[in-house]
Amino acid sequence: MAEGKRKRVPEVLWRLFGNRARTLGDTILALIPPPAAGGGDEAMSFLVRSSDHLDYRNFLSGCFVVVSDDAPPPPVFDHHCRWSQLEIVRRTIEMILSEPRQASSNLICCSYDKESQSSPTVDELTSSKWIVLLSRVGDALMIYLLKYTSMFLPLPQKKHHQICGRSIANLFTKFPRGMPKSRAQHHPPGHEVKRQRVERLLRGT
């Protein structure tokens, strides 16, 4: 990864995943065969159009994604949309919930209410920028992204929030010894310490 791009990746993601951590836009283009996405400016125009809102553009460049080690090959690209984004998110969560091992570790399932088929995560993943993205990538690739990647959504002041995939707090013990430490002097024990440190690193503090 070029030095300029490397600096854009949050430090904690770079330490854990190296150049596997990429922006959402770069990840999608890497998953789609060149004939479908084209190359250079043509590839970017596949995802971004002149009429797109700035919020969507910032989403593609500010959201970071890591494809899981055990992810299957991406689906054959098909830009058609057979379901709404809401239907896709619900179907994906319920698919993961049917696989106990996945459900216990994937953050996309957190606080999901099976009866109402809702959660704060469902609300976030069905906002307008996700609907635009669905119209560009289609059902199959959207499901693949939600099920087989870890996503870190941009927040104000260059902060990020992990919304799906295995929590990186569980990988904290694998960090190199030189990993920056939390600035707090007193911490609660165990997993909470890991979570707080990772959150601080994602916030860039």
# chains A, B, ... in the order shown; residues from 1 in each chain; ligands from 1
>>> residues_around(residues="Arg136 in chain A", least_positions_apart="5", cutoff="8 Å", atoms="only C-alpha atoms", output="MDAnalysis selection string")
chainID A and resid 46:47 79
>>> write_last_selection(atoms="N, CA, C and O atoms", output="short mmCIF file (atom, residue, chain, number, x, y, z; two decimals), in the first residue's frame")
data_model
loop_
_atom_site.label_atom_id
_atom_site.label_comp_id
_atom_site.auth_asym_id
_atom_site.auth_seq_id
_atom_site.Cartn_x
_atom_site.Cartn_y
_atom_site.Cartn_z
N PHE A 46 -18.48 3.96 -12.04
CA PHE A 46 -19.42 2.87 -11.81
C PHE A 46 -20.13 3.04 -10.46
O PHE A 46 -21.30 2.74 -10.32
N LEU A 47 -19.40 3.57 -9.48
CA LEU A 47 -19.95 3.76 -8.14
C LEU A 47 -20.40 5.19 -7.87
O LEU A 47 -21.32 5.41 -7.10
N HIS A 79 -25.93 -6.43 -11.17
CA HIS A 79 -26.34 -5.16 -10.59
C HIS A 79 -27.84 -5.07 -10.32
O HIS A 79 -28.31 -4.07 -9.77
#
>>> residues_around(residues="range 17-22 of chain A", least_positions_apart="6", cutoff="10 Å", atoms="only C-alpha atoms", output="list in words")
Met1, Ala2, Lys5, Arg6, Arg8, Val9, Pro10, Glu11, Ile28, Ala30, Ser61, Gly62, Cys63, Phe64, Val65, Val66, Val67, Ser68, Asp69, Ser150, Met151 and Phe152 of chain A
>>> residues_around(residues="His53 in chain A", least_positions_apart="6", cutoff="12 Å", atoms="only C-alpha atoms", output="PDB file with N, CA, C and O atoms, in the first residue's frame")
ATOM      1  N   PHE A  59     -19.102   8.545   2.230  1.00  0.00           N
ATOM      2  CA  PHE A  59     -19.344   7.185   2.713  1.00  0.00           C
ATOM      3  C   PHE A  59     -18.405   6.192   2.024  1.00  0.00           C
ATOM      4  O   PHE A  59     -17.783   5.350   2.669  1.00  0.00           O
ATOM      5  N   LEU A  60     -18.277   6.292   0.718  1.00  0.00           N
ATOM      6  CA  LEU A  60     -17.418   5.376  -0.032  1.00  0.00           C
ATOM      7  C   LEU A  60     -15.944   5.530   0.329  1.00  0.00           C
ATOM      8  O   LEU A  60     -15.208   4.540   0.356  1.00  0.00           O
ATOM      9  N   SER A 128     -30.164   6.407   3.494  1.00  0.00           N
ATOM     10  CA  SER A 128     -30.193   6.745   2.067  1.00  0.00           C
ATOM     11  C   SER A 128     -28.915   6.367   1.327  1.00  0.00           C
ATOM     12  O   SER A 128     -28.965   5.925   0.173  1.00  0.00           O
ATOM     13  N   LYS A 129     -27.760   6.513   1.959  1.00  0.00           N
ATOM     14  CA  LYS A 129     -26.510   6.198   1.254  1.00  0.00           C
ATOM     15  C   LYS A 129     -26.387   4.712   0.936  1.00  0.00           C
ATOM     16  O   LYS A 129     -25.832   4.316  -0.090  1.00  0.00           O
ATOM     17  N   VAL A 132     -28.547   3.993  -2.129  1.00  0.00           N
ATOM     18  CA  VAL A 132     -27.843   4.365  -3.360  1.00  0.00           C
ATOM     19  C   VAL A 132     -26.816   3.297  -3.715  1.00  0.00           C
ATOM     20  O   VAL A 132     -26.695   2.882  -4.874  1.00  0.00           O
ATOM     21  N   LEU A 133     -26.062   2.850  -2.718  1.00  0.00           N
ATOM     22  CA  LEU A 133     -25.042   1.834  -2.971  1.00  0.00           C
ATOM     23  C   LEU A 133     -25.674   0.559  -3.528  1.00  0.00           C
ATOM     24  O   LEU A 133     -25.139  -0.047  -4.469  1.00  0.00           O
TER      25      LEU A 133
END
>>> residues_around(residues="Thr92 in chain A", least_positions_apart="6", cutoff="8 Å", atoms="only C-alpha atoms", output="list in words")
Ile143, Leu146 and Lys147 of chain A
>>> closest_residue(among="A:Leu31, A:Ile131, A:Thr149, A:Leu13", to="Val76 in chain A", atoms="only C-alpha atoms")
A:Leu31
>>> residues_around(residues="Ser135 in chain A", least_positions_apart="4", cutoff="10 Å", atoms="only C-alpha atoms", output="VMD selection string")
chain A and resid 47 79 to 81 84 to 85 130 to 131 139 142
>>> atom_distance(atom1="CA of Ile96 in chain A", atom2="CA of Asn170 in chain A")
19.0 Å
>>> select_by_dssp(residues="range 26-118 of chain A", states="alpha helix (DSSP H)", output="count of residues only")
43
>>> atom_distance(atom1="CA of Leu141 in chain A", atom2="CA of Pro75 in chain A")
6.5 Å
